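Enquirer: Got a structure here, written out as structure tokens. Questions coming.
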Amino acid sequence: MSLNTVHLIGIGGYLPDRILTNKDLEKMIDTTDDWIKERTGIEERHIIAEDQVTSDLAVAAAQQALDDAGVSIDDIDALVVATTTPDMIFPSTATVVQSKLGGKDFPAWDIQAVCSGFVYGLAQVDGMMRSGMFKRVLLIGAESMSRIVDWQDRGTCILFGDGAGAVVLETSDASQANGIIGSVLHADGSYRDLLKAEHVRRPAGPDARLLAADFSLDSAGAAAVEMKGNEVFRVAVTKLGSVVNEILAKYELTDSDIDWLVPHQANIRIIQATAKKLKMDMDRVALTVASHGNTSSASVPLALNELYRSGRLEKGQLILLEAFAGGFAWGANLLRWSK
Ligand code: UT7
């Protein structure tokens, strides 16, 4: 059986209108703009509107990606949403997005790997498409993290933002150059207590509409993201350093071959450590952390979208995507830009 090559043919992003700056946070909790900027690189983040849910952000990003690809929802064979903050426990946010976009019949499902959701999703979809299962897939990372952070916890609430990023992927025959080269994925559940969100009042699972009512920006916040920040930081730097080396070795490439690093946007210091490991100048790194904060599974496609829209990507350039997440779950993808 001959394998296909998978190409990214469309990309889009969406950020809700409301912006929460570090100065705004100074009025809510015991923190300072200087501390947040120095320790994280974050200056502001976008916050979902009260009448929006994660699928609304996903739909807006997906529509931009479909338009960019010049295709419609009727041309899509499968739809995958990576999210930690689904609209409901079930049905999947992907089926909600499918319906809101006017799609029907093709398979749609969610993937949960927290901040690594998009990287995991790209690996999964690439494998399915290569084997010929789907011709054109819409992959979205969408989050409303503001609904699951405790707005009293200064160690976590300053970090997160809301948004969505989406890509349209298409197969072509394997003789085509460029496209997705491959991925590596890892998880180690022994670290699961270092970064988690448990529901105290509603143990059944995530329901963003209920969370919206209970844990809004203006309420006390009863159950939310809990993190042992500096322990997570330490493991993230180590694992990301090794996963970038691993993926380069796997595909017989070296750090000097990489044109762009598109990292998960958790903390500028983690990003700088990975760039240093790869001997890359920071001007070859897609950076959105200052204006988006950590948008979990949306952060990698949003950063790629901004890089694309800045006009700096050229056909044939080698791009390394990476992410590290609660679980811990982490991974990387390599692709040659083909748009
Ligand atoms: O996306 C998934 C992966 N997530 C991450 O990778 C996040 C990884 N962790 C981090 O980014 C960093 O650990 C943080 C930004 C969360 C924290 O930075 P840190 O340099 O590790 O600070 P720390 O937690 O060690 O705290 C240092 C001090 C503490 O005060 P004391 O105990 O030294 O007096 C904290 O209480 O900073 C204090 N602190 C704050 N001060 C002002 C913690 N949060 C704040 C805050 N404003 N918002």
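For the structure tokens, the naming scheme is as follows: chains receive sequential letters (A, B, ...) according to their order of presentation, residues are indexed from 1 within each chain, and ligands are indexed from 1 in presentation order.
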Check which residues fall inside 9 Å of ligand 1 when counting only C-alpha atoms and all ligand atoms, and print them as a VMD selection string.

Expert: chain A and resid 25 to 26 29 to 36 38 to 41 114 to 116 153 to 160 195 227 to 237 264 to 270 294 to 297 323 to 326 328

Enquirer: I'd like the contact shell of stretch 311-320 of chain A - 12 Å cut-off, only C-alpha atoms, skipping same-chain residues fewer than 3 positions apart - returned as number ranges by chain.

Expert: A: 7-9, 119, 176-184, 240, 243-248, 251, 253-264, 274-275, 278, 280, 283-286, 300, 303-308, 323, 331-339

Enquirer: For C-alpha atoms, I'd like the residues from the last selection saved as a PDB file, in the first residue's frame.

Expert:
```pdb
ATOM      1  CA  HIS A   7      -0.342  18.943   3.652  1.00  0.00           C
ATOM      2  CA  LEU A   8      -1.640  21.907   5.555  1.00  0.00           C
ATOM      3  CA  ILE A   9      -3.788  23.786   3.042  1.00  0.00           C
ATOM      4  CA  VAL A 119       0.307  18.219  18.630  1.00  0.00           C
ATOM      5  CA  GLN A 176       4.807  15.461  -3.514  1.00  0.00           C
ATOM      6  CA  ALA A 177       7.604  17.148  -1.591  1.00  0.00           C
ATOM      7  CA  ASN A 178       6.901  19.011   1.668  1.00  0.00           C
ATOM      8  CA  GLY A 179       4.001  18.394   4.061  1.00  0.00           C
ATOM      9  CA  ILE A 180       4.003  16.680   7.453  1.00  0.00           C
ATOM     10  CA  ILE A 181       7.197  14.708   8.037  1.00  0.00           C
ATOM     11  CA  GLY A 182       6.203  12.996  11.274  1.00  0.00           C
ATOM     12  CA  SER A 183       5.674  13.203  15.023  1.00  0.00           C
ATOM     13  CA  VAL A 184       6.777  11.867  18.375  1.00  0.00           C
ATOM     14  CA  LEU A 240      10.943  19.488  25.637  1.00  0.00           C
ATOM     15  CA  VAL A 243      11.711  15.576  22.518  1.00  0.00           C
ATOM     16  CA  VAL A 244      13.095  18.096  20.012  1.00  0.00           C
ATOM     17  CA  ASN A 245      16.342  16.141  19.815  1.00  0.00           C
ATOM     18  CA  GLU A 246      14.399  12.885  19.474  1.00  0.00           C
ATOM     19  CA  ILE A 247      12.247  14.058  16.563  1.00  0.00           C
ATOM     20  CA  LEU A 248      15.224  15.496  14.692  1.00  0.00           C
ATOM     21  CA  TYR A 251      13.828  11.972  10.749  1.00  0.00           C
ATOM     22  CA  LEU A 253      17.598  16.144  10.532  1.00  0.00           C
ATOM     23  CA  THR A 254      19.678  18.496  12.672  1.00  0.00           C
ATOM     24  CA  ASP A 255      18.894  21.683  14.559  1.00  0.00           C
ATOM     25  CA  SER A 256      20.459  23.804  11.808  1.00  0.00           C
ATOM     26  CA  ASP A 257      17.830  22.428   9.365  1.00  0.00           C
ATOM     27  CA  ILE A 258      14.956  24.042  11.302  1.00  0.00           C
ATOM     28  CA  ASP A 259      13.640  27.326   9.938  1.00  0.00           C
ATOM     29  CA  TRP A 260      10.911  27.953  12.525  1.00  0.00           C
ATOM     30  CA  LEU A 261      10.115  26.769  16.027  1.00  0.00           C
ATOM     31  CA  VAL A 262       6.402  26.964  16.878  1.00  0.00           C
ATOM     32  CA  PRO A 263       6.257  26.111  20.584  1.00  0.00           C
ATOM     33  CA  HIS A 264       3.409  25.798  23.046  1.00  0.00           C
ATOM     34  CA  THR A 274      14.036  25.060  24.040  1.00  0.00           C
ATOM     35  CA  ALA A 275      15.276  27.610  21.480  1.00  0.00           C
ATOM     36  CA  LEU A 278      18.173  24.054  19.313  1.00  0.00           C
ATOM     37  CA  MET A 280      17.918  29.028  17.408  1.00  0.00           C
ATOM     38  CA  ASP A 283      13.516  35.777  15.866  1.00  0.00           C
ATOM     39  CA  ARG A 284      13.014  32.286  14.351  1.00  0.00           C
ATOM     40  CA  VAL A 285      10.499  31.403  17.061  1.00  0.00           C
ATOM     41  CA  ALA A 286       6.755  32.047  16.717  1.00  0.00           C
ATOM     42  CA  VAL A 300       0.334  26.006  18.821  1.00  0.00           C
ATOM     43  CA  ALA A 303       1.095  30.756  16.961  1.00  0.00           C
ATOM     44  CA  LEU A 304       1.425  29.029  13.568  1.00  0.00           C
ATOM     45  CA  ASN A 305      -1.481  31.108  12.251  1.00  0.00           C
ATOM     46  CA  GLU A 306       0.161  34.360  13.389  1.00  0.00           C
ATOM     47  CA  LEU A 307       3.454  33.323  11.824  1.00  0.00           C
ATOM     48  CA  TYR A 308       1.681  32.497   8.543  1.00  0.00           C
ATOM     49  CA  ALA A 323       4.039  21.134  23.381  1.00  0.00           C
ATOM     50  CA  GLY A 331       5.264  15.732  21.879  1.00  0.00           C
ATOM     51  CA  ALA A 332       6.479  17.344  18.671  1.00  0.00           C
ATOM     52  CA  ASN A 333       5.674  17.422  14.955  1.00  0.00           C
ATOM     53  CA  LEU A 334       7.849  18.293  11.974  1.00  0.00           C
ATOM     54  CA  LEU A 335       6.493  19.682   8.731  1.00  0.00           C
ATOM     55  CA  ARG A 336       7.727  21.346   5.597  1.00  0.00           C
ATOM     56  CA  TRP A 337       5.570  24.327   4.731  1.00  0.00           C
ATOM     57  CA  SER A 338       3.772  23.662   1.462  1.00  0.00           C
ATOM     58  CA  LYS A 339       1.299  26.551   1.091  1.00  0.00           C
TER      59      LYS A 339
END
```

Enquirer: When distances are computed from only C-alpha atoms, which of A:Gly12, A:Gly189, A:Gly161, A:Gly117 shows the smallest separation from A:Gly293?

Expert: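 With only C-alpha atoms as the atom set, the closest residue is A:Gly161.
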
Enquirer: Could you tell me how far atom CA of A:His292 lies from atom CA of A:Lys277, in Å and to one decimal?

Expert: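 Interatomic distance here is 24.2 Å.
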
Enquirer: Just to confirm, what's the straight-line distance from atom CA of A:Gln64 to atom CA of A:Val168 in Å (one decimal)?

Expert: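 Pair atom CA of A:Gln64 / atom CA of A:Val168 returns 10.0 Å.
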
Enquirer: Using backbone DSSP assignments, extract all strand (DSSP E) residues from stretch 92-190 of chain A; output them as a ChimeraX atom specification.

Expert: /A:108-111,136-144,162-173,179-187

Enquirer: Among the residues of stretch 62-244 of chain A, find those DSSP assigns to alpha helix (DSSP H) from the backbone and print them as number ranges by chain.

Expert: A: 62-69, 93-100, 117-130, 208-214, 229-244

Enquirer: What is the atom CA of A:Ile19-atom CA of A:Gly163 distance in Å, reported with one decimal?

Expert: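 So the two atoms, atom CA of A:Ile19 and atom CA of A:Gly163, lie 11.4 Å apart.
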
Enquirer: Please determine, counting only C-alpha atoms, which residue among A:Met28, A:Ser99, A:Glu252, A:Ser131 has the shortest atom-to-atom distance to A:Asp150.

Expert: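 Comparing A:Met28, A:Ser99, A:Glu252, A:Ser131 against A:Asp150, the winner is A:Met28.
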
Enquirer: Could you check the closest approach to A:Asp77 for each of A:Lys279, A:Lys104, A:Arg45, A:Arg136 and tell me which residue wins, using only C-alpha atoms?

Expert: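 Distance minimum relative to A:Asp77 lands on A:Arg136.
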
Enquirer: Closest to A:Val149 among A:Val125, A:Ala65, A:Val59, A:Ile47, using only C-alpha atoms?

Expert: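 Counting only C-alpha atoms, the residue closest to A:Val149 is A:Ile47.
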
Enquirer: Compare A:Lys135, A:Lys23, A:Arg147, A:Arg192 by their minimum atom-to-atom distance to A:Thr85, counting only C-alpha atoms, and give me the closest one.

Expert: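 Nearest to A:Thr85: A:Arg147.
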
Enquirer: Which is closest to A:Leu57 among A:Lys27, A:Lys37, A:Lys250, A:Lys100, if we use only C-alpha atoms?

Expert: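 For A:Leu57, the nearest of the given residues is A:Lys100.
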